[in-house]
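Structure file query.pdb (PDB, C-alpha atoms and all ligand atoms) follows.
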MODEL        1
ATOM      1  CA  MET A   1       2.561 -34.721  68.431  1.00  0.00           C
ATOM      2  CA  LYS A   2       2.001 -31.978  65.927  1.00  0.00           C
ATOM      3  CA  ALA A   3       1.567 -28.506  67.394  1.00  0.00           C
ATOM      4  CA  ASP A   4      -1.423 -27.258  65.486  1.00  0.00           C
ATOM      5  CA  SER A   5       0.349 -27.460  62.144  1.00  0.00           C
ATOM      6  CA  PRO A   6      -1.268 -25.382  59.441  1.00  0.00           C
ATOM      7  CA  PRO A   7      -3.083 -27.187  56.658  1.00  0.00           C
ATOM      8  CA  LYS A   8      -1.320 -27.977  53.405  1.00  0.00           C
ATOM      9  CA  ARG A   9      -0.040 -24.773  51.915  1.00  0.00           C
ATOM     10  CA  MET A  10      -2.275 -23.799  49.075  1.00  0.00           C
ATOM     11  CA  SER A  11      -0.465 -22.602  46.014  1.00  0.00           C
ATOM     12  CA  PRO A  12      -2.227 -19.498  44.711  1.00  0.00           C
ATOM     13  CA  ALA A  13      -2.918 -20.859  41.248  1.00  0.00           C
ATOM     14  CA  PRO A  14       0.182 -19.337  39.620  1.00  0.00           C
ATOM     15  CA  SER A  15      -0.840 -19.948  36.043  1.00  0.00           C
ATOM     16  CA  VAL A  16      -3.867 -17.681  36.360  1.00  0.00           C
ATOM     17  CA  VAL A  17      -1.792 -14.910  37.916  1.00  0.00           C
ATOM     18  CA  GLN A  18       0.729 -15.050  35.113  1.00  0.00           C
ATOM     19  CA  SER A  19      -1.780 -14.903  32.314  1.00  0.00           C
ATOM     20  CA  VAL A  20      -3.212 -11.693  33.750  1.00  0.00           C
ATOM     21  CA  THR A  21       0.114  -9.884  33.463  1.00  0.00           C
ATOM     22  CA  PRO A  22      -0.549  -7.128  30.916  1.00  0.00           C
ATOM     23  CA  LYS A  23       1.424  -7.122  27.716  1.00  0.00           C
ATOM     24  CA  ARG A  24       3.686  -4.186  27.130  1.00  0.00           C
ATOM     25  CA  LYS A  25       2.219  -1.573  24.805  1.00  0.00           C
ATOM     26  CA  ALA A  26      -1.104  -3.373  24.484  1.00  0.00           C
ATOM     27  CA  LYS A  27      -2.703  -0.337  22.896  1.00  0.00           C
ATOM     28  CA  THR A  28      -0.012   0.430  20.362  1.00  0.00           C
ATOM     29  CA  SER A  29       0.288  -3.172  19.229  1.00  0.00           C
ATOM     30  CA  SER A  30      -3.360  -3.189  18.259  1.00  0.00           C
ATOM     31  CA  GLN A  31      -2.720   0.087  16.453  1.00  0.00           C
ATOM     32  CA  GLY A  32       0.092  -1.580  14.541  1.00  0.00           C
ATOM     33  CA  LYS A  33      -2.170  -4.427  13.478  1.00  0.00           C
ATOM     34  CA  LYS A  34      -4.394  -1.929  11.728  1.00  0.00           C
ATOM     35  CA  TYR A  35      -1.846  -1.708   8.929  1.00  0.00           C
ATOM     36  CA  VAL A  36      -0.816  -5.342   8.891  1.00  0.00           C
ATOM     37  CA  VAL A  37      -2.002  -5.828   5.293  1.00  0.00           C
ATOM     38  CA  ILE A  38      -0.238  -2.703   4.090  1.00  0.00           C
ATOM     39  CA  ARG A  39       2.912  -3.739   5.912  1.00  0.00           C
ATOM     40  CA  ARG A  40       2.842  -7.131   4.224  1.00  0.00           C
ATOM     41  CA  ASN A  41       2.353  -5.499   0.826  1.00  0.00           C
ATOM     42  CA  LEU A  42       5.196  -3.077   1.444  1.00  0.00           C
ATOM     43  CA  GLU A  43       7.545  -5.825   2.525  1.00  0.00           C
ATOM     44  CA  ARG A  44       6.679  -7.884  -0.526  1.00  0.00           C
ATOM     45  CA  GLN A  45       7.128  -4.903  -2.841  1.00  0.00           C
ATOM     46  CA  ARG A  46      10.426  -4.030  -1.189  1.00  0.00           C
ATOM     47  CA  LYS A  47      11.748  -7.536  -1.688  1.00  0.00           C
ATOM     48  CA  ALA A  48      10.688  -7.577  -5.327  1.00  0.00           C
ATOM     49  CA  LEU A  49      12.312  -4.207  -5.958  1.00  0.00           C
ATOM     50  CA  LEU A  50      15.560  -5.222  -4.315  1.00  0.00           C
ATOM     51  CA  GLU A  51      15.706  -8.415  -6.324  1.00  0.00           C
ATOM     52  CA  GLU A  52      15.128  -6.396  -9.473  1.00  0.00           C
ATOM     53  CA  VAL A  53      17.858  -3.917  -8.591  1.00  0.00           C
ATOM     54  CA  VAL A  54      20.333  -6.674  -7.767  1.00  0.00           C
ATOM     55  CA  GLU A  55      19.464  -8.476 -10.969  1.00  0.00           C
ATOM     56  CA  GLY A  56      19.908  -5.297 -12.949  1.00  0.00           C
ATOM     57  CA  LEU A  57      23.325  -4.719 -11.428  1.00  0.00           C
ATOM     58  CA  ALA A  58      24.385  -8.324 -11.974  1.00  0.00           C
ATOM     59  CA  ASN A  59      23.557  -8.370 -15.674  1.00  0.00           C
ATOM     60  CA  PRO A  60      23.516  -4.834 -16.972  1.00  0.00           C
ATOM     61  CA  LYS A  61      21.415  -4.869 -20.077  1.00  0.00           C
ATOM     62  CA  SER A  62      23.697  -3.193 -22.557  1.00  0.00           C
ATOM     63  CA  GLN A  63      23.892  -3.464 -26.309  1.00  0.00           C
ATOM     64  CA  GLU A  64      23.451  -7.236 -26.230  1.00  0.00           C
ATOM     65  CA  ALA A  65      19.816  -6.880 -25.288  1.00  0.00           C
ATOM     66  CA  PHE A  66      19.320  -4.453 -28.133  1.00  0.00           C
ATOM     67  CA  PRO A  67      21.407  -5.727 -31.029  1.00  0.00           C
ATOM     68  CA  ASP A  68      19.735  -3.338 -33.437  1.00  0.00           C
ATOM     69  CA  VAL A  69      20.985  -0.345 -31.541  1.00  0.00           C
ATOM     70  CA  SER A  70      24.143   0.383 -33.427  1.00  0.00           C
ATOM     71  CA  ASP A  71      24.755   4.028 -32.804  1.00  0.00           C
ATOM     72  CA  GLN A  72      26.349   5.164 -29.596  1.00  0.00           C
ATOM     73  CA  ALA A  73      23.769   7.811 -28.807  1.00  0.00           C
ATOM     74  CA  SER A  74      20.899   5.359 -28.622  1.00  0.00           C
ATOM     75  CA  ALA A  75      22.924   3.008 -26.473  1.00  0.00           C
ATOM     76  CA  GLU A  76      23.686   5.823 -24.089  1.00  0.00           C
ATOM     77  CA  ALA A  77      20.069   6.893 -24.013  1.00  0.00           C
ATOM     78  CA  GLU A  78      19.164   3.325 -23.199  1.00  0.00           C
ATOM     79  CA  GLN A  79      21.700   3.237 -20.375  1.00  0.00           C
ATOM     80  CA  ASN A  80      20.382   6.496 -18.994  1.00  0.00           C
ATOM     81  CA  PHE A  81      16.874   5.200 -19.194  1.00  0.00           C
ATOM     82  CA  LEU A  82      17.772   2.068 -17.254  1.00  0.00           C
ATOM     83  CA  MET A  83      19.716   4.098 -14.753  1.00  0.00           C
ATOM     84  CA  ARG A  84      16.749   6.350 -14.181  1.00  0.00           C
ATOM     85  CA  ILE A  85      14.513   3.336 -13.610  1.00  0.00           C
ATOM     86  CA  ARG A  86      17.009   1.963 -11.120  1.00  0.00           C
ATOM     87  CA  GLU A  87      17.207   5.283  -9.322  1.00  0.00           C
ATOM     88  CA  ARG A  88      13.456   5.395  -9.117  1.00  0.00           C
ATOM     89  CA  GLU A  89      13.406   1.874  -7.725  1.00  0.00           C
ATOM     90  CA  GLN A  90      15.985   2.757  -5.113  1.00  0.00           C
ATOM     91  CA  ARG A  91      14.068   5.856  -4.123  1.00  0.00           C
ATOM     92  CA  LEU A  92      10.948   3.762  -3.758  1.00  0.00           C
ATOM     93  CA  VAL A  93      12.792   1.217  -1.619  1.00  0.00           C
ATOM     94  CA  LYS A  94      13.894   4.087   0.607  1.00  0.00           C
ATOM     95  CA  LYS A  95      10.315   5.321   0.864  1.00  0.00           C
ATOM     96  CA  ILE A  96       9.150   1.840   1.746  1.00  0.00           C
ATOM     97  CA  ASP A  97      11.836   1.621   4.431  1.00  0.00           C
ATOM     98  CA  GLU A  98      10.657   4.910   5.827  1.00  0.00           C
ATOM     99  CA  ALA A  99       7.049   3.773   5.830  1.00  0.00           C
ATOM    100  CA  LEU A 100       8.001   0.576   7.672  1.00  0.00           C
ATOM    101  CA  ALA A 101       9.999   2.620  10.171  1.00  0.00           C
ATOM    102  CA  ARG A 102       6.968   4.834  10.762  1.00  0.00           C
ATOM    103  CA  MET A 103       4.915   1.706  11.403  1.00  0.00           C
ATOM    104  CA  ASP A 104       7.451   0.610  14.009  1.00  0.00           C
ATOM    105  CA  GLN A 105       7.176   3.991  15.673  1.00  0.00           C
ATOM    106  CA  ASP A 106       3.395   3.944  15.461  1.00  0.00           C
ATOM    107  CA  ILE A 107       3.300   7.168  13.527  1.00  0.00           C
ATOM    108  CA  TYR A 108       2.396   5.542  10.228  1.00  0.00           C
ATOM    109  CA  GLY A 109      -0.693   6.920   8.550  1.00  0.00           C
ATOM    110  CA  ILE A 110      -0.406  10.327  10.175  1.00  0.00           C
ATOM    111  CA  CYS A 111      -0.111  13.278   7.837  1.00  0.00           C
ATOM    112  CA  GLU A 112       3.248  15.027   8.163  1.00  0.00           C
ATOM    113  CA  ARG A 113       1.720  18.407   7.588  1.00  0.00           C
ATOM    114  CA  CYS A 114      -1.568  18.571   9.439  1.00  0.00           C
ATOM    115  CA  GLU A 115      -1.056  15.528  11.673  1.00  0.00           C
ATOM    116  CA  GLU A 116      -4.466  14.163  10.806  1.00  0.00           C
ATOM    117  CA  THR A 117      -4.934  10.464  10.255  1.00  0.00           C
ATOM    118  CA  ILE A 118      -4.675   9.636   6.576  1.00  0.00           C
ATOM    119  CA  PRO A 119      -7.752   7.673   5.436  1.00  0.00           C
ATOM    120  CA  TYR A 120      -7.118   3.973   5.085  1.00  0.00           C
ATOM    121  CA  PRO A 121      -8.140   3.714   1.391  1.00  0.00           C
ATOM    122  CA  ARG A 122      -5.521   6.332   0.508  1.00  0.00           C
ATOM    123  CA  LEU A 123      -2.859   4.435   2.437  1.00  0.00           C
ATOM    124  CA  LYS A 124      -3.898   1.223   0.771  1.00  0.00           C
ATOM    125  CA  ALA A 125      -3.621   2.811  -2.664  1.00  0.00           C
ATOM    126  CA  ARG A 126      -0.445   4.712  -1.904  1.00  0.00           C
ATOM    127  CA  PRO A 127       1.196   3.124   1.125  1.00  0.00           C
ATOM    128  CA  VAL A 128       4.375   5.226   1.095  1.00  0.00           C
ATOM    129  CA  THR A 129       2.540   8.532   1.263  1.00  0.00           C
ATOM    130  CA  THR A 130       3.168  10.821   4.208  1.00  0.00           C
ATOM    131  CA  LEU A 131       0.502  13.370   3.370  1.00  0.00           C
ATOM    132  CA  CYS A 132      -3.279  13.347   3.387  1.00  0.00           C
ATOM    133  CA  ILE A 133      -5.039  14.233   0.139  1.00  0.00           C
ATOM    134  CA  ASP A 134      -5.646  17.846   1.169  1.00  0.00           C
ATOM    135  CA  CYS A 135      -2.026  18.445   2.073  1.00  0.00           C
ATOM    136  CA  LYS A 136      -0.811  16.603  -1.008  1.00  0.00           C
ATOM    137  CA  THR A 137      -2.985  18.839  -3.167  1.00  0.00           C
ATOM    138  CA  LEU A 138      -1.646  21.900  -1.397  1.00  0.00           C
ATOM    139  CA  GLU A 139       1.903  20.718  -1.877  1.00  0.00           C
ATOM    140  CA  GLU A 140       1.347  20.134  -5.569  1.00  0.00           C
ATOM    141  CA  GLN A 141      -0.119  23.592  -5.940  1.00  0.00           C
ATOM    142  CA  GLU A 142       2.889  25.055  -4.194  1.00  0.00           C
ATOM    143  CA  GLU A 143       5.236  23.136  -6.437  1.00  0.00           C
ATOM    144  CA  LYS A 144       3.397  24.373  -9.498  1.00  0.00           C
ATOM    145  CA  SER A 145       3.538  27.994  -8.367  1.00  0.00           C
ATOM    146  CA  ARG A 146       7.255  27.652  -7.668  1.00  0.00           C
ATOM    147  CA  ARG A 147       7.956  26.652 -11.250  1.00  0.00           C
TER     148      ARG A 147
HETATM  149 ZN    ZN B 201      -2.661  16.668   5.998  1.00  0.00          ZN
ENDMDL
END

Can you turn what I pasted into structure tokens?
Ligand SMILES: [Zn+2]
Amino acid sequence: MKADSPPKRMSPAPSVVQSVTPKRKAKTSSQGKKYVVIRRNLERQRKALLEEVVEGLANPKSQEAFPDVSDQASAEAEQNFLMRIREREQRLVKKIDEALARMDQDIYGICERCEETIPYPRLKARPVTTLCIDCKTLEEQEEKSRR
């Protein structure tokens, strides 16, 4: 004879309990989504730039591309020109990396100088910027006065 055995143990609906578990950094992840389009653009631009740089290094466009350029000076100027473009590309890649890193740290879109949020349209137009328009203007004025 059973001694007042308890009824079948009810399992406390585990699936419901699990789904309630809050995700880590719920707030910041929604913050990160705010710039999802910009992030995608940056990543695409970065890839394109890197491919260009690699291509440029693989087949350096020297005199062959410009058969008319016979004198040494023009050839050198051409090389310098290409080198400057490559340097600019590499600098831009670095800026893109930095912007992506700021996104990871959830500090993207915050002005480095005044710590205000940079308006979205400005970020969209110039995603690697670290300054709001006011601070950028100030900086340019300072640079001009330094010259
Ligand atoms: Zn600012």

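All residues, whether protein, DNA or RNA, that have an atom at most 8 Å from ligand ZN 201 (chain B) (counting all atoms listed in the file) are A:Ile110, A:Cys111, A:Glu112, A:Arg113, A:Cys114, A:Glu115, A:Glu116, A:Thr117, A:Ile118, A:Leu131, A:Cys132, A:Ile133, A:Asp134, A:Cys135, A:Lys136.
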
For the structure shown, which residues end up in the PyMOL selection byres (((chain A and resi 36) around 12) and not hetatm)? Put them as a list in words, please? Ser29, Ser30, Gln31, Gly32, Lys33, Lys34, Tyr35, Val37, Ile38, Arg39, Arg40, Asn41, Leu42, Glu43, Leu100, Met103, Asp104, Tyr108, Tyr120, Leu123, Lys124 and Pro127 of chain A

Could you write out the selected residues, including C-alpha atoms, as a PDB file, in the coordinates of the input?
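Output saved as result_1.pdb:
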ATOM      1  CA  SER A  29       0.288  -3.172  19.229  1.00  0.00           C
ATOM      2  CA  SER A  30      -3.360  -3.189  18.259  1.00  0.00           C
ATOM      3  CA  GLN A  31      -2.720   0.087  16.453  1.00  0.00           C
ATOM      4  CA  GLY A  32       0.092  -1.580  14.541  1.00  0.00           C
ATOM      5  CA  LYS A  33      -2.170  -4.427  13.478  1.00  0.00           C
ATOM      6  CA  LYS A  34      -4.394  -1.929  11.728  1.00  0.00           C
ATOM      7  CA  TYR A  35      -1.846  -1.708   8.929  1.00  0.00           C
ATOM      8  CA  VAL A  37      -2.002  -5.828   5.293  1.00  0.00           C
ATOM      9  CA  ILE A  38      -0.238  -2.703   4.090  1.00  0.00           C
ATOM     10  CA  ARG A  39       2.912  -3.739   5.912  1.00  0.00           C
ATOM     11  CA  ARG A  40       2.842  -7.131   4.224  1.00  0.00           C
ATOM     12  CA  ASN A  41       2.353  -5.499   0.826  1.00  0.00           C
ATOM     13  CA  LEU A  42       5.196  -3.077   1.444  1.00  0.00           C
ATOM     14  CA  GLU A  43       7.545  -5.825   2.525  1.00  0.00           C
ATOM     15  CA  LEU A 100       8.001   0.576   7.672  1.00  0.00           C
ATOM     16  CA  MET A 103       4.915   1.706  11.403  1.00  0.00           C
ATOM     17  CA  ASP A 104       7.451   0.610  14.009  1.00  0.00           C
ATOM     18  CA  TYR A 108       2.396   5.542  10.228  1.00  0.00           C
ATOM     19  CA  TYR A 120      -7.118   3.973   5.085  1.00  0.00           C
ATOM     20  CA  LEU A 123      -2.859   4.435   2.437  1.00  0.00           C
ATOM     21  CA  LYS A 124      -3.898   1.223   0.771  1.00  0.00           C
ATOM     22  CA  PRO A 127       1.196   3.124   1.125  1.00  0.00           C
TER      23      PRO A 127
END

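Across the model, the gap from CA of Arg86 in chain A to CA of Glu52 in chain A is 8.7 Å.
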
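Of the residues under consideration (A:Gln141, A:Asp71, A:Ile85, A:Asp97), A:Asp97 shows the shortest atom-to-atom contact distance to Arg44 in chain A when counting all atoms listed in the file.
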
Exactly which residues make up the result of the PyMOL selection byres (((chain A and resi 49) around 12) and not hetatm) on this file, given as a short mmCIF file (atom, residue, chain, number, x, y, z; two decimals) with C-alpha atoms, keeping the file's coordinate frame?
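In the end it all went to expr-v7.cif:
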data_model
loop_
_atom_site.label_atom_id
_atom_site.label_comp_id
_atom_site.auth_asym_id
_atom_site.auth_seq_id
_atom_site.Cartn_x
_atom_site.Cartn_y
_atom_site.Cartn_z
CA LEU A 42 5.20 -3.08 1.44
CA GLU A 43 7.54 -5.82 2.52
CA ARG A 44 6.68 -7.88 -0.53
CA GLN A 45 7.13 -4.90 -2.84
CA ARG A 46 10.43 -4.03 -1.19
CA LYS A 47 11.75 -7.54 -1.69
CA ALA A 48 10.69 -7.58 -5.33
CA LEU A 50 15.56 -5.22 -4.32
CA GLU A 51 15.71 -8.41 -6.32
CA GLU A 52 15.13 -6.40 -9.47
CA VAL A 53 17.86 -3.92 -8.59
CA VAL A 54 20.33 -6.67 -7.77
CA GLU A 55 19.46 -8.48 -10.97
CA GLY A 56 19.91 -5.30 -12.95
CA ILE A 85 14.51 3.34 -13.61
CA ARG A 86 17.01 1.96 -11.12
CA GLU A 87 17.21 5.28 -9.32
CA ARG A 88 13.46 5.40 -9.12
CA GLU A 89 13.41 1.87 -7.72
CA GLN A 90 15.98 2.76 -5.11
CA ARG A 91 14.07 5.86 -4.12
CA LEU A 92 10.95 3.76 -3.76
CA VAL A 93 12.79 1.22 -1.62
CA LYS A 94 13.89 4.09 0.61
CA LYS A 95 10.32 5.32 0.86
CA ILE A 96 9.15 1.84 1.75
CA ASP A 97 11.84 1.62 4.43
#

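Atom pair CA of Thr130 in chain A / CA of Glu143 in chain A: separated by 16.4 Å.
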
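What separates CA of Gly109 in chain A from CA of Arg122 in chain A is a distance of 9.4 Å.
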
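Counting all atoms listed in the file and comparing A:Gln72, A:Ala99, A:Arg84, A:Glu78, the residue that lies closest to Val128 in chain A is A:Ala99.
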